[in-house]
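**Q** Contents of upload-v6.csv (CSV, C-alpha atoms) are given next:
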```
chain,number,residue,atom,x,y,z
A,1,MET,CA,-42.2,16.3,-52.5
A,2,LYS,CA,-41.5,12.9,-53.8
A,3,LYS,CA,-38.9,14.3,-56.2
A,4,ALA,CA,-37.1,16.2,-53.3
A,5,PHE,CA,-37.0,13.1,-51.2
A,6,LEU,CA,-35.7,11.0,-54.1
A,7,THR,CA,-33.0,13.6,-54.7
A,8,VAL,CA,-31.8,13.6,-51.1
A,9,PHE,CA,-31.8,9.8,-51.1
A,10,ILE,CA,-29.7,9.7,-54.3
A,11,ILE,CA,-27.2,12.2,-52.8
A,12,LEU,CA,-26.8,10.2,-49.5
A,13,THR,CA,-26.4,7.0,-51.4
A,14,ALA,CA,-23.6,8.5,-53.5
A,15,VAL,CA,-21.8,9.9,-50.4
A,16,PHE,CA,-21.9,6.7,-48.5
A,17,SER,CA,-20.9,4.6,-51.5
A,18,SER,CA,-17.9,6.9,-52.1
A,19,GLY,CA,-16.6,5.9,-48.6
A,20,CYS,CA,-16.1,9.5,-47.4
A,21,ILE,CA,-18.2,9.2,-44.3
A,22,GLN,CA,-17.4,5.5,-43.9
A,23,GLU,CA,-13.8,6.2,-43.6
A,24,SER,CA,-14.4,8.9,-41.0
A,25,LEU,CA,-16.4,6.4,-38.8
A,26,VAL,CA,-13.6,3.7,-38.8
A,27,ILE,CA,-11.8,3.8,-35.4
A,28,PRO,CA,-8.1,2.8,-35.7
A,29,VAL,CA,-7.1,-0.1,-33.4
A,30,ALA,CA,-3.9,-1.8,-32.4
A,31,ILE,CA,-4.2,-5.6,-32.9
A,32,ILE,CA,-2.3,-8.0,-30.6
A,33,LYS,CA,-1.9,-11.6,-31.7
A,34,GLY,CA,-0.1,-13.7,-29.2
A,35,LYS,CA,0.3,-17.2,-27.9
A,36,VAL,CA,0.1,-19.0,-24.5
A,37,VAL,CA,2.4,-22.0,-24.1
A,38,VAL,CA,1.5,-24.8,-21.6
A,39,PRO,CA,3.5,-27.9,-20.7
A,40,PRO,CA,3.2,-31.0,-23.0
A,41,GLY,CA,-0.1,-32.9,-22.4
A,42,GLN,CA,-1.9,-29.8,-21.2
A,43,ILE,CA,-4.6,-27.9,-23.0
A,44,SER,CA,-4.5,-24.1,-23.2
A,45,ARG,CA,-8.2,-23.7,-24.2
A,46,GLY,CA,-9.9,-21.4,-21.7
A,47,VAL,CA,-6.8,-19.6,-20.4
A,48,LYS,CA,-7.9,-16.0,-20.0
A,49,ILE,CA,-5.6,-13.1,-21.1
A,50,THR,CA,-6.4,-9.8,-19.5
A,51,VAL,CA,-4.8,-6.4,-20.2
A,52,ALA,CA,-3.7,-4.7,-17.1
A,53,GLY,CA,-5.2,-1.3,-16.4
A,54,THR,CA,-8.0,-1.9,-18.9
A,55,SER,CA,-11.2,-3.9,-19.4
A,56,TYR,CA,-9.9,-5.7,-22.4
A,57,SER,CA,-9.5,-9.5,-22.4
A,58,ALA,CA,-9.5,-12.6,-24.6
A,59,TYR,CA,-9.3,-16.4,-24.3
A,60,ALA,CA,-6.7,-18.7,-25.7
A,61,ASP,CA,-7.8,-21.4,-28.1
A,62,ASP,CA,-6.6,-25.1,-28.3
A,63,ARG,CA,-3.4,-23.9,-29.9
A,64,GLY,CA,-2.9,-21.3,-27.3
A,65,GLU,CA,-3.5,-18.4,-29.7
A,66,TYR,CA,-5.4,-15.3,-28.8
A,67,SER,CA,-6.2,-11.9,-30.4
A,68,ILE,CA,-7.0,-8.6,-28.7
A,69,GLU,CA,-7.9,-5.2,-30.2
A,70,LEU,CA,-6.8,-2.0,-28.3
A,71,ARG,CA,-8.0,1.6,-29.1
A,72,LYS,CA,-4.7,3.3,-28.2
A,73,SER,CA,-1.0,2.9,-28.8
A,74,GLY,CA,1.2,2.2,-25.8
A,75,ARG,CA,3.0,-0.4,-23.8
A,76,TYR,CA,0.7,-3.0,-22.2
A,77,LEU,CA,1.0,-5.7,-19.6
A,78,LEU,CA,-0.8,-8.9,-20.6
A,79,VAL,CA,-1.7,-11.4,-17.8
A,80,ALA,CA,-2.6,-15.0,-18.5
A,81,ARG,CA,-4.5,-17.1,-16.0
A,82,GLY,CA,-6.1,-20.6,-15.9
A,83,ARG,CA,-7.4,-22.9,-13.3
A,84,SER,CA,-4.7,-25.5,-13.9
A,85,PHE,CA,-1.8,-23.1,-14.3
A,86,ASP,CA,0.2,-20.5,-12.3
A,87,VAL,CA,-0.4,-16.9,-13.4
A,88,GLY,CA,2.0,-15.6,-16.1
A,89,TYR,CA,2.5,-12.4,-18.0
A,90,THR,CA,4.4,-10.5,-20.7
A,91,TRP,CA,4.7,-7.0,-22.1
A,92,VAL,CA,3.9,-5.8,-25.6
A,93,ASP,CA,4.3,-2.5,-27.4
A,94,ALA,CA,1.2,-1.8,-29.5
A,95,GLU,CA,0.6,0.8,-32.2
A,96,THR,CA,-2.7,1.6,-33.8
A,97,GLU,CA,-3.3,0.3,-37.3
A,98,LYS,CA,-0.6,-2.3,-36.8
A,99,THR,CA,-0.4,-5.8,-35.5
A,100,ALA,CA,1.9,-6.6,-32.6
A,101,THR,CA,3.2,-10.0,-31.7
A,102,PRO,CA,4.2,-10.2,-28.0
A,103,PRO,CA,6.5,-12.8,-26.5
A,104,ASP,CA,4.8,-16.1,-25.8
A,105,ILE,CA,3.4,-16.4,-22.2
A,106,SER,CA,4.7,-19.7,-20.9
A,107,LEU,CA,2.6,-21.1,-18.1
A,108,SER,CA,3.6,-23.7,-15.5
A,109,THR,CA,1.3,-26.3,-14.2
A,110,LYS,CA,0.2,-25.6,-10.6
A,111,ILE,CA,2.0,-27.5,-7.9
A,112,VAL,CA,-0.2,-29.2,-5.3
A,113,GLY,CA,-0.7,-27.0,-2.3
A,114,GLU,CA,1.0,-24.0,-3.8
A,115,ALA,CA,-0.1,-20.8,-5.5
A,116,LEU,CA,1.5,-17.7,-7.1
A,117,TRP,CA,0.0,-14.2,-7.0
A,118,ILE,CA,1.0,-11.0,-8.8
A,119,ALA,CA,-0.1,-7.4,-8.4
A,120,SER,CA,1.1,-4.5,-10.5
A,121,ILE,CA,1.3,-0.7,-10.3
A,122,VAL,CA,-0.2,-0.7,-13.8
A,123,ASP,CA,-3.5,-1.8,-12.3
A,124,PHE,CA,-3.0,0.3,-9.1
A,125,PRO,CA,-0.8,3.3,-9.9
A,126,GLN,CA,-1.3,4.8,-6.5
A,127,ALA,CA,0.3,1.8,-4.7
A,128,THR,CA,3.8,1.8,-3.3
A,129,ALA,CA,3.6,-1.8,-1.8
A,130,PHE,CA,1.2,-4.7,-1.7
A,131,ASN,CA,0.1,-7.3,0.8
A,132,LEU,CA,-1.9,-10.5,0.1
A,133,VAL,CA,-4.7,-10.9,2.6
A,134,SER,CA,-6.4,-14.2,3.1
A,135,VAL,CA,-10.2,-14.2,3.5
A,136,SER,CA,-11.3,-17.8,3.6
A,137,PRO,CA,-9.6,-19.9,4.8
A,138,VAL,CA,-7.7,-17.4,6.9
A,139,TRP,CA,-4.0,-18.0,7.4
A,140,SER,CA,-2.0,-17.2,10.5
A,141,PRO,CA,-0.8,-14.5,10.0
A,142,ASP,CA,-3.6,-13.5,7.6
A,143,LYS,CA,-1.5,-10.9,5.7
A,144,VAL,CA,1.6,-11.7,3.6
A,145,LYS,CA,4.0,-9.3,2.0
A,146,MET,CA,4.4,-9.3,-1.8
A,147,TYR,CA,7.8,-8.7,-3.3
A,148,ASP,CA,9.3,-6.8,-6.3
A,149,ASP,CA,12.9,-7.8,-5.7
A,150,GLY,CA,13.3,-11.0,-7.7
A,151,SER,CA,12.5,-13.3,-4.8
A,152,HIS,CA,9.4,-15.2,-3.5
A,153,GLY,CA,8.3,-16.0,-7.0
A,154,ASP,CA,9.0,-12.5,-8.4
A,155,LEU,CA,10.7,-12.7,-11.8
A,156,LEU,CA,12.3,-9.3,-12.2
A,157,ALA,CA,13.3,-6.8,-9.5
A,158,ASN,CA,11.9,-3.3,-9.6
A,159,ASP,CA,9.6,-3.7,-12.6
A,160,GLY,CA,6.4,-2.7,-10.8
A,161,ILE,CA,5.1,-6.3,-10.6
A,162,TYR,CA,4.9,-7.6,-7.1
A,163,SER,CA,4.7,-11.4,-6.5
A,164,VAL,CA,4.5,-14.0,-3.8
A,165,ARG,CA,4.5,-17.8,-4.0
A,166,LEU,CA,3.1,-19.7,-1.0
A,167,THR,CA,3.5,-23.4,-0.2
A,168,ASN,CA,1.7,-25.9,2.1
A,169,LEU,CA,-1.7,-24.2,1.5
A,170,THR,CA,-5.0,-25.9,2.2
A,171,THR,CA,-6.2,-27.2,-1.1
A,172,GLY,CA,-9.4,-26.1,-2.9
A,173,SER,CA,-10.9,-22.6,-2.9
A,174,GLN,CA,-8.9,-19.7,-1.5
A,175,GLN,CA,-10.6,-16.3,-1.2
A,176,TYR,CA,-8.3,-13.3,-1.0
A,177,LYS,CA,-7.8,-9.5,-1.4
A,178,PHE,CA,-4.9,-7.2,-2.1
A,179,GLU,CA,-4.0,-4.6,0.4
A,180,LEU,CA,-2.4,-1.5,-1.2
A,181,SER,CA,0.0,0.8,0.7
A,182,LYS,CA,0.0,4.4,-0.5
A,183,ALA,CA,2.6,7.2,-0.4
A,184,ASP,CA,0.6,9.1,2.3
A,185,GLY,CA,0.7,6.1,4.6
A,186,SER,CA,-2.9,4.9,4.1
A,187,THR,CA,-4.0,1.5,2.9
A,188,GLU,CA,-6.8,0.3,0.7
A,189,THR,CA,-8.2,-3.2,0.0
A,190,LYS,CA,-8.9,-4.2,-3.6
A,191,SER,CA,-9.9,-7.2,-5.6
A,192,ASP,CA,-7.5,-8.8,-8.0
A,193,PRO,CA,-8.3,-7.5,-11.5
A,194,HIS,CA,-6.8,-10.8,-12.9
A,195,GLN,CA,-8.6,-13.2,-10.6
A,196,GLU,CA,-9.5,-16.7,-11.6
A,197,TYR,CA,-13.0,-16.4,-10.1
A,198,THR,CA,-15.0,-14.3,-7.7
A,199,ARG,CA,-16.9,-15.5,-4.6
A,200,ASN,CA,-18.7,-13.6,-2.0
A,201,GLY,CA,-17.3,-10.4,-3.4
A,202,ASN,CA,-13.7,-11.7,-3.0
A,203,SER,CA,-11.1,-12.8,-5.5
A,204,GLU,CA,-10.7,-16.6,-5.6
A,205,ILE,CA,-8.0,-18.9,-6.7
A,206,TYR,CA,-8.0,-22.7,-6.9
A,207,ILE,CA,-5.3,-24.4,-4.9
A,208,LEU,CA,-4.5,-27.7,-6.7
A,209,GLU,CA,-5.3,-30.9,-5.0
A,210,SER,CA,-3.3,-34.1,-5.4
A,211,THR,CA,-4.5,-37.7,-5.7
A,212,VAL,CA,-4.5,-38.9,-2.1
A,213,LYS,CA,-1.3,-40.4,-0.8
A,214,LEU,CA,-0.8,-42.4,2.3
A,215,ALA,CA,1.7,-42.2,5.1
A,216,ARG,CA,1.7,-45.5,7.0
A,217,GLY,CA,3.6,-46.4,10.2
A,218,TYR,CA,3.4,-46.8,14.0
A,219,VAL,CA,4.7,-45.1,17.2
A,220,THR,CA,6.4,-46.5,20.2
A,221,SER,CA,7.4,-45.1,23.6
A,222,ASP,CA,9.3,-45.9,26.8
A,223,LEU,CA,6.0,-46.7,28.5
A,224,ASN,CA,4.4,-50.1,28.7
A,225,SER,CA,0.7,-51.1,28.1
A,226,VAL,CA,-0.1,-47.7,26.5
A,227,ASN,CA,-3.3,-47.0,24.6
A,228,TYR,CA,-2.1,-44.7,21.9
A,229,SER,CA,-5.6,-43.7,20.7
A,230,GLU,CA,-5.1,-40.5,22.7
A,231,VAL,CA,-2.3,-39.4,20.4
A,232,LYS,CA,-3.4,-37.0,17.6
A,233,LEU,CA,-1.6,-37.0,14.3
A,234,ALA,CA,-1.8,-33.8,12.2
A,235,THR,CA,-0.2,-32.1,9.2
A,236,LYS,CA,-0.4,-28.7,7.5
A,237,LYS,CA,-1.3,-26.6,10.5
A,238,GLY,CA,-3.8,-29.2,11.6
A,239,SER,CA,-5.9,-28.9,8.5
A,240,ARG,CA,-5.7,-32.7,8.3
A,241,SER,CA,-5.7,-34.8,11.4
A,242,MET,CA,-6.6,-38.2,12.9
A,243,TYR,CA,-6.1,-40.2,16.1
A,244,LEU,CA,-3.8,-43.2,16.2
A,245,ASP,CA,-5.0,-46.8,16.6
A,246,SER,CA,-4.8,-48.1,20.2
A,247,ASP,CA,-1.6,-50.1,19.2
A,248,GLY,CA,0.0,-46.9,17.8
A,249,GLY,CA,-0.6,-47.7,14.1
A,250,TYR,CA,-1.9,-45.3,11.5
A,251,SER,CA,-2.6,-45.0,7.8
A,252,PHE,CA,-2.9,-41.3,7.2
A,253,ALA,CA,-4.3,-39.7,4.0
A,254,MET,CA,-1.9,-36.9,2.8
A,255,GLU,CA,-2.0,-34.1,0.3
A,256,GLY,CA,1.2,-32.8,-1.2
A,257,ASN,CA,4.0,-33.4,-3.6
A,258,GLY,CA,7.2,-32.8,-1.6
A,259,ARG,CA,8.3,-32.5,2.0
A,260,GLU,CA,5.5,-32.7,4.5
A,261,TYR,CA,5.5,-33.0,8.3
A,262,LEU,CA,3.7,-35.4,10.6
A,263,VAL,CA,3.1,-33.9,14.0
A,264,PHE,CA,2.2,-36.2,17.0
A,265,ARG,CA,0.7,-34.7,20.1
A,266,SER,CA,-1.1,-35.7,23.3
A,267,SER,CA,-1.4,-34.6,26.9
A,268,ASN,CA,0.8,-37.4,28.1
A,269,PHE,CA,3.6,-37.3,25.5
A,270,ASN,CA,5.9,-34.5,24.4
A,271,ILE,CA,5.1,-33.2,20.9
A,272,ARG,CA,7.2,-34.5,18.0
A,273,ALA,CA,7.3,-33.6,14.3
A,274,ILE,CA,9.0,-35.6,11.6
A,275,PRO,CA,9.5,-34.8,7.9
A,276,ILE,CA,8.4,-37.2,5.1
A,277,ASP,CA,8.9,-36.9,1.4
A,278,LEU,CA,5.9,-37.4,-0.8
A,279,SER,CA,7.5,-36.3,-4.1
A,280,THR,CA,8.1,-39.8,-5.6
A,281,VAL,CA,5.7,-42.2,-3.8
A,282,THR,CA,2.0,-42.6,-3.2
A,283,LEU,CA,2.5,-44.8,-0.2
A,284,TYR,CA,5.2,-43.7,2.3
A,285,GLU,CA,6.3,-46.3,4.8
A,286,VAL,CA,7.3,-44.1,7.8
A,287,PRO,CA,10.0,-45.6,10.0
A,288,PRO,CA,8.9,-46.3,13.6
A,289,THR,CA,8.5,-43.0,15.6
A,290,THR,CA,9.4,-42.9,19.3
A,291,LEU,CA,7.4,-40.6,21.5
A,292,SER,CA,8.8,-39.5,24.9
A,293,ALA,CA,6.4,-39.5,27.8
A,294,LYS,CA,6.2,-36.1,29.6
A,295,LYS,CA,8.3,-36.0,32.8
A,296,GLY,CA,7.5,-33.8,35.7
A,297,GLY,CA,8.3,-30.1,35.0
A,298,GLU,CA,8.8,-30.6,31.2
A,299,LEU,CA,7.3,-28.3,28.7
A,300,LYS,CA,8.2,-28.8,25.0
A,301,VAL,CA,7.1,-26.7,22.1
A,302,ILE,CA,7.9,-27.0,18.4
A,303,LEU,CA,7.3,-24.7,15.4
A,304,VAL,CA,7.2,-26.2,11.8
A,305,ALA,CA,8.7,-23.4,9.8
A,306,SER,CA,7.0,-24.3,6.5
A,307,ASP,CA,3.6,-23.8,8.1
A,308,PHE,CA,4.2,-20.0,8.0
A,309,VAL,CA,5.8,-17.4,5.8
A,310,ASP,CA,9.0,-15.5,6.6
A,311,VAL,CA,10.0,-17.4,9.8
A,312,SER,CA,13.0,-15.6,11.2
A,313,ASN,CA,14.6,-16.1,14.6
A,314,PRO,CA,11.4,-17.5,16.1
A,315,THR,CA,10.7,-17.3,19.8
A,316,VAL,CA,8.0,-18.5,22.2
A,317,VAL,CA,6.4,-16.4,24.9
A,318,GLY,CA,4.1,-17.5,27.6
A,319,SER,CA,2.9,-17.4,31.2
A,320,PHE,CA,5.4,-20.1,32.2
A,321,LYS,CA,8.4,-17.7,31.6
A,322,GLY,CA,6.7,-14.3,31.7
A,323,TRP,CA,5.2,-12.7,28.6
A,324,SER,CA,7.9,-10.1,28.3
A,325,ASN,CA,10.7,-12.7,28.2
A,326,PRO,CA,10.8,-14.3,24.7
A,327,GLN,CA,12.6,-17.7,24.6
A,328,GLN,CA,14.6,-18.6,21.5
A,329,LEU,CA,13.5,-21.7,19.5
A,330,TYR,CA,16.3,-23.8,17.9
A,331,ASP,CA,16.8,-25.9,14.8
A,332,ASP,CA,20.4,-26.8,15.5
A,333,GLY,CA,20.1,-30.1,17.4
A,334,THR,CA,20.2,-28.4,20.9
A,335,ASN,CA,17.8,-27.4,23.6
A,336,GLY,CA,15.5,-30.4,22.8
A,337,ASP,CA,15.7,-30.0,19.0
A,338,GLU,CA,16.2,-33.5,17.5
A,339,VAL,CA,17.6,-32.9,14.0
A,340,ALA,CA,19.5,-29.8,13.0
A,341,GLY,CA,18.3,-28.1,9.9
A,342,ASP,CA,15.1,-30.1,9.4
A,343,GLY,CA,12.8,-27.1,9.5
A,344,VAL,CA,11.4,-27.9,13.0
A,345,TYR,CA,12.2,-25.3,15.6
A,346,THR,CA,12.1,-26.6,19.2
A,347,ARG,CA,12.5,-25.7,22.8
A,348,LEU,CA,12.4,-28.1,25.8
A,349,PHE,CA,11.9,-26.4,29.2
A,350,THR,CA,12.4,-28.2,32.5
A,351,GLY,CA,11.7,-27.2,36.1
A,352,ILE,CA,8.3,-25.7,35.2
A,353,ALA,CA,5.7,-25.9,38.0
A,354,PRO,CA,2.7,-28.3,37.3
A,355,GLY,CA,-0.3,-26.6,35.8
A,356,TYR,CA,-1.6,-25.2,32.5
A,357,TYR,CA,0.1,-22.3,30.7
A,358,GLN,CA,-0.8,-20.0,27.9
A,359,TYR,CA,1.8,-19.4,25.1
A,360,ALA,CA,2.3,-18.1,21.5
A,361,PHE,CA,5.0,-18.0,18.9
A,362,ASN,CA,6.7,-14.9,17.5
A,363,ILE,CA,7.6,-16.1,14.0
A,364,ASN,CA,9.5,-12.9,13.2
A,365,SER,CA,9.7,-9.4,14.6
A,366,GLU,CA,6.2,-8.5,13.5
A,367,ASN,CA,3.9,-11.5,13.8
A,368,GLN,CA,2.7,-13.5,16.7
A,369,VAL,CA,0.7,-16.7,16.1
A,370,LYS,CA,-0.9,-19.5,18.0
A,371,ASP,CA,0.4,-23.1,17.9
A,372,PRO,CA,-1.6,-24.8,15.1
A,373,TYR,CA,-1.0,-28.2,16.8
A,374,GLN,CA,-1.9,-27.0,20.3
A,375,GLU,CA,-3.2,-29.3,23.1
A,376,SER,CA,-5.9,-26.8,23.7
A,377,GLY,CA,-6.4,-23.0,23.5
A,378,ASP,CA,-8.5,-19.9,24.0
A,379,GLU,CA,-9.3,-17.1,21.5
A,380,THR,CA,-5.8,-15.6,21.8
A,381,TYR,CA,-3.3,-18.2,23.1
A,382,SER,CA,-2.5,-21.8,22.9
A,383,ILE,CA,-2.5,-23.8,26.2
A,384,ILE,CA,-0.2,-26.6,27.3
A,385,GLY,CA,-0.3,-28.8,30.5
A,386,VAL,CA,2.8,-29.6,32.6
A,387,LYS,CA,2.8,-32.6,34.9
```
Can the structure in the file be given as structure tokens, please?

**A**
Amino acid sequence: MKKAFLTVFIILTAVFSSGCIQESLVIPVAIIKGKVVVPPGQISRGVKITVAGTSYSAYADDRGEYSIELRKSGRYLLVARGRSFDVGYTWVDAETEKTATPPDISLSTKIVGEALWIASIVDFPQATAFNLVSVSPVWSPDKVKMYDDGSHGDLLANDGIYSVRLTNLTTGSQQYKFELSKADGSTETKSDPHQEYTRNGNSEIYILESTVKLARGYVTSDLNSVNYSEVKLATKKGSRSMYLDSDGGYSFAMEGNGREYLVFRSSNFNIRAIPIDLSTVTLYEVPPTTLSAKKGGELKVILVASDFVDVSNPTVVGSFKGWSNPQQLYDDGTNGDEVAGDGVYTRLFTGIAPGYYQYAFNINSENQVKDPYQESGDETYSIIGVK
């Protein structure tokens, strides 16, 4: 018995040492060795590279280098993502038992208050179009179209990669989902397979915050002995707001790195919005801002275009003119608009009977939104008072 066992052991040892079975157990792989390039002064360590349509991933090292092994030959989409950088991608043709070097993935540093999203038919072959859906905080409208036409942050038209870049976002965490449209007309909501993080079952992206900047100034009006502490100053759809000092002065903490808008509103003054540029300064001295007191029968509304996506021929509807009678808003220096082309759409109405009126904005042919700087409002509409 011992001799038989010894004989079997010697035979197995000989077979394995010859490499016959070992060679049959080796699974051929395609090796991808690539590099992530980040701006000078930035560190690429921790940038995650994922392979679309698969579960494969790797992380870049301090030099930006990464290595991924794939089981099959083919053309692959590589997506790179990091907390401090906008998402980027490249394509690579891989072949088993060979090493492929894809083009470098160049990543841009995130811009304060902005974010870039991509979705691809590689991950979702059944999709014919994509929408980005905000979960928390919720935008108005909460659903944004993604593009594959070379616009809105999309790099190449008709390549199956849909993109959208949004600006003036509330900084910090943004939870979101993708909504897929299918050929049969149905839709389905999915997580982002290349997400930065996950929270509460949703995909999450970090919206970069800036060091706090200050806008400092004061307001005046045609009234005497006014307590301006009733005037509310807000920006970014009201996500940041404060009340003025009684003498009209303010020192307002801002977030942003470009054009922002200061919106002044109270029940006794007509609303006014002014643009300021935060791209080159940390303290912006705002020129004196004159507010106009509401006159009898006046109703003034404004829409800051950068607060929303795809503003096109905006109108206002409300109980003061009949809900079925949209009224055009203007950014051409007429109809109460102060400065043509400044991104603030305006309409001043006169001869309106005193009272309180519901209203809303149609920012395009599909979406109706409330006024983010409203005097007051209910669940559906904004409300404004007329003297």

**Q** Give me the residues within 10 Å of Ser241 (chain A) as a PDB file with C-alpha atoms, in the frame of the given file, counting only C-alpha atoms and dropping any in the same chain fewer than 3 places off.

**A**
```pdb
ATOM      1  CA  LYS A 232      -3.400 -37.000  17.600  1.00  0.00           C
ATOM      2  CA  LEU A 233      -1.600 -37.000  14.300  1.00  0.00           C
ATOM      3  CA  ALA A 234      -1.800 -33.800  12.200  1.00  0.00           C
ATOM      4  CA  THR A 235      -0.200 -32.100   9.200  1.00  0.00           C
ATOM      5  CA  LYS A 236      -0.400 -28.700   7.500  1.00  0.00           C
ATOM      6  CA  LYS A 237      -1.300 -26.600  10.500  1.00  0.00           C
ATOM      7  CA  GLY A 238      -3.800 -29.200  11.600  1.00  0.00           C
ATOM      8  CA  LEU A 244      -3.800 -43.200  16.200  1.00  0.00           C
ATOM      9  CA  PHE A 252      -2.900 -41.300   7.200  1.00  0.00           C
ATOM     10  CA  ALA A 253      -4.300 -39.700   4.000  1.00  0.00           C
ATOM     11  CA  MET A 254      -1.900 -36.900   2.800  1.00  0.00           C
ATOM     12  CA  LEU A 262       3.700 -35.400  10.600  1.00  0.00           C
ATOM     13  CA  VAL A 263       3.100 -33.900  14.000  1.00  0.00           C
ATOM     14  CA  PHE A 264       2.200 -36.200  17.000  1.00  0.00           C
ATOM     15  CA  TYR A 373      -1.000 -28.200  16.800  1.00  0.00           C
TER      16      TYR A 373
END
```

**Q** Residues within 6 Å of Gly64 (chain A), please, as number ranges by chain. Count all atoms listed in the file; anything in the same chain fewer than 3 positions from it doesn't count.

**A** A: 35-36, 44, 60-61

**Q** Convert the current residue selection to file output with C-alpha atoms, as a PDB file, keeping the file's coordinate frame.

**A**
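The new file selection30.pdb reads:
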```pdb
ATOM      1  CA  LYS A  35       0.300 -17.200 -27.900  1.00  0.00           C
ATOM      2  CA  VAL A  36       0.100 -19.000 -24.500  1.00  0.00           C
ATOM      3  CA  SER A  44      -4.500 -24.100 -23.200  1.00  0.00           C
ATOM      4  CA  ALA A  60      -6.700 -18.700 -25.700  1.00  0.00           C
ATOM      5  CA  ASP A  61      -7.800 -21.400 -28.100  1.00  0.00           C
TER       6      ASP A  61
END
```

**Q** Show which residues sit within 7 Å of Thr101 (chain A), as a list in words. Count only C-alpha atoms, and ignore same-chain residues fewer than 6 positions away.

**A**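 The filter keeps Ile32, Lys33 and Gly34 of chain A.
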
**Q** So that I can check the surroundings of Asp277 (chain A), please list as a PyMOL selection string every protein, DNA and RNA residue that reaches within 7 Å of it, counting all atoms listed in the file and ignoring chain neighbours fewer than 6 positions away.

**A** chain A and resi 258-260

**Q** Give the answer as one residue: which of A:Asp149, A:Glu209, A:Asp247, A:Asp378 has the shortest atom-to-atom distance to Ser173 (chain A), using all atoms listed in the file?

**A** A:Glu209

**Q** Enter the distance from CA of Thr282 (chain A) to CA of Asp371 (chain A), in Å, rounded to one decimal.

**A**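 According to the coordinates, CA of Thr282 (chain A) and CA of Asp371 (chain A) are separated by 28.8 Å.
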
**Q** With 12 Å as the threshold, what does the neighbourhood of (0.2, -2.0, 0.7) contain in terms of residues, counting all atoms listed in the file? Coordinates are those of the file; answer as a count of residues only.

**A** 33

**Q** Record the distance separating CA of Gly217 (chain A) and CA of Phe361 (chain A), expressed in Å with one decimal.

**A** 29.7 Å

**Q** Write out as a list in words which residues come within 6 Å of Phe85 (chain A) when counting only C-alpha atoms, dropping same-chain ones fewer than 5 positions away.

**A**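 Final neighbour list, sorted by chain and number: Ser108, Thr109 and Lys110 of chain A.
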
**Q** Can you spit out the residues from that selection as an mmCIF file, in the coordinates of the input, using C-alpha atoms?

**A**
```cif
data_model
loop_
_atom_site.group_PDB
_atom_site.id
_atom_site.type_symbol
_atom_site.label_atom_id
_atom_site.label_comp_id
_atom_site.auth_asym_id
_atom_site.auth_seq_id
_atom_site.Cartn_x
_atom_site.Cartn_y
_atom_site.Cartn_z
ATOM 1 C CA SER A 108 3.600 -23.700 -15.500
ATOM 2 C CA THR A 109 1.300 -26.300 -14.200
ATOM 3 C CA LYS A 110 0.200 -25.600 -10.600
#
```

**Q** Just to confirm, what's the straight-line distance from CA of Gly153 (chain A) to CA of Asp332 (chain A) in Å (one decimal)?

**A**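 Answer for the CA of Gly153 (chain A) to CA of Asp332 (chain A) separation: 27.7 Å.
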
**Q** Anything within 12 Å of (8.0, -14.9, 28.8): list those residues as a list in words, counting all atoms listed in the file and sticking to the file's coordinates.

**A**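 Returned residue set, sorted by chain then number, is Thr315, Val316, Val317, Gly318, Ser319, Phe320, Lys321, Gly322, Trp323, Ser324, Asn325, Pro326, Gln327, Gln328, Tyr357, Gln358, Tyr359, Ala360, Phe361 and Asn362 of chain A.
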
**Q** Taking all atoms listed in the file into account, name the residue in A:Leu208, A:Leu348, A:Ile161, A:Leu223 that is nearest to Asp123 (chain A).

**A**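 Under the stated criterion, the closest residue is A:Ile161.
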
**Q** Which residue out of A:Ile384, A:Val301, A:Ile274, A:Ala80 has the minimum interatomic distance to Val339 (chain A) when all atoms listed in the file are used?

**A** A:Ile274

**Q** Would you fill out region 230-237 of chain A with N, CA and C atoms and return it as an mmCIF file, in the coordinates of the input?

**A**
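Result file is part06.cif:
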```
data_model
loop_
_atom_site.group_PDB
_atom_site.id
_atom_site.type_symbol
_atom_site.label_atom_id
_atom_site.label_comp_id
_atom_site.auth_asym_id
_atom_site.auth_seq_id
_atom_site.Cartn_x
_atom_site.Cartn_y
_atom_site.Cartn_z
ATOM 1 N N GLU A 230 -5.085 -41.869 22.254
ATOM 2 C CA GLU A 230 -5.100 -40.500 22.700
ATOM 3 C C GLU A 230 -4.226 -39.573 21.889
ATOM 4 N N VAL A 231 -3.309 -40.165 21.121
ATOM 5 C CA VAL A 231 -2.300 -39.400 20.400
ATOM 6 C C VAL A 231 -2.955 -38.897 19.063
ATOM 7 N N LYS A 232 -2.868 -37.592 18.843
ATOM 8 C CA LYS A 232 -3.400 -37.000 17.600
ATOM 9 C C LYS A 232 -2.290 -36.772 16.625
ATOM 10 N N LEU A 233 -2.502 -37.215 15.394
ATOM 11 C CA LEU A 233 -1.600 -37.000 14.300
ATOM 12 C C LEU A 233 -2.134 -35.958 13.367
ATOM 13 N N ALA A 234 -1.334 -34.942 13.036
ATOM 14 C CA ALA A 234 -1.800 -33.800 12.200
ATOM 15 C C ALA A 234 -0.749 -33.390 11.237
ATOM 16 N N THR A 235 -1.167 -32.657 10.201
ATOM 17 C CA THR A 235 -0.200 -32.100 9.200
ATOM 18 C C THR A 235 -0.834 -30.782 8.709
ATOM 19 N N LYS A 236 0.005 -29.969 8.079
ATOM 20 C CA LYS A 236 -0.400 -28.700 7.500
ATOM 21 C C LYS A 236 -1.273 -27.866 8.417
ATOM 22 N N LYS A 237 -0.641 -27.515 9.535
ATOM 23 C CA LYS A 237 -1.300 -26.600 10.500
ATOM 24 C C LYS A 237 -2.571 -27.235 11.056
#
```
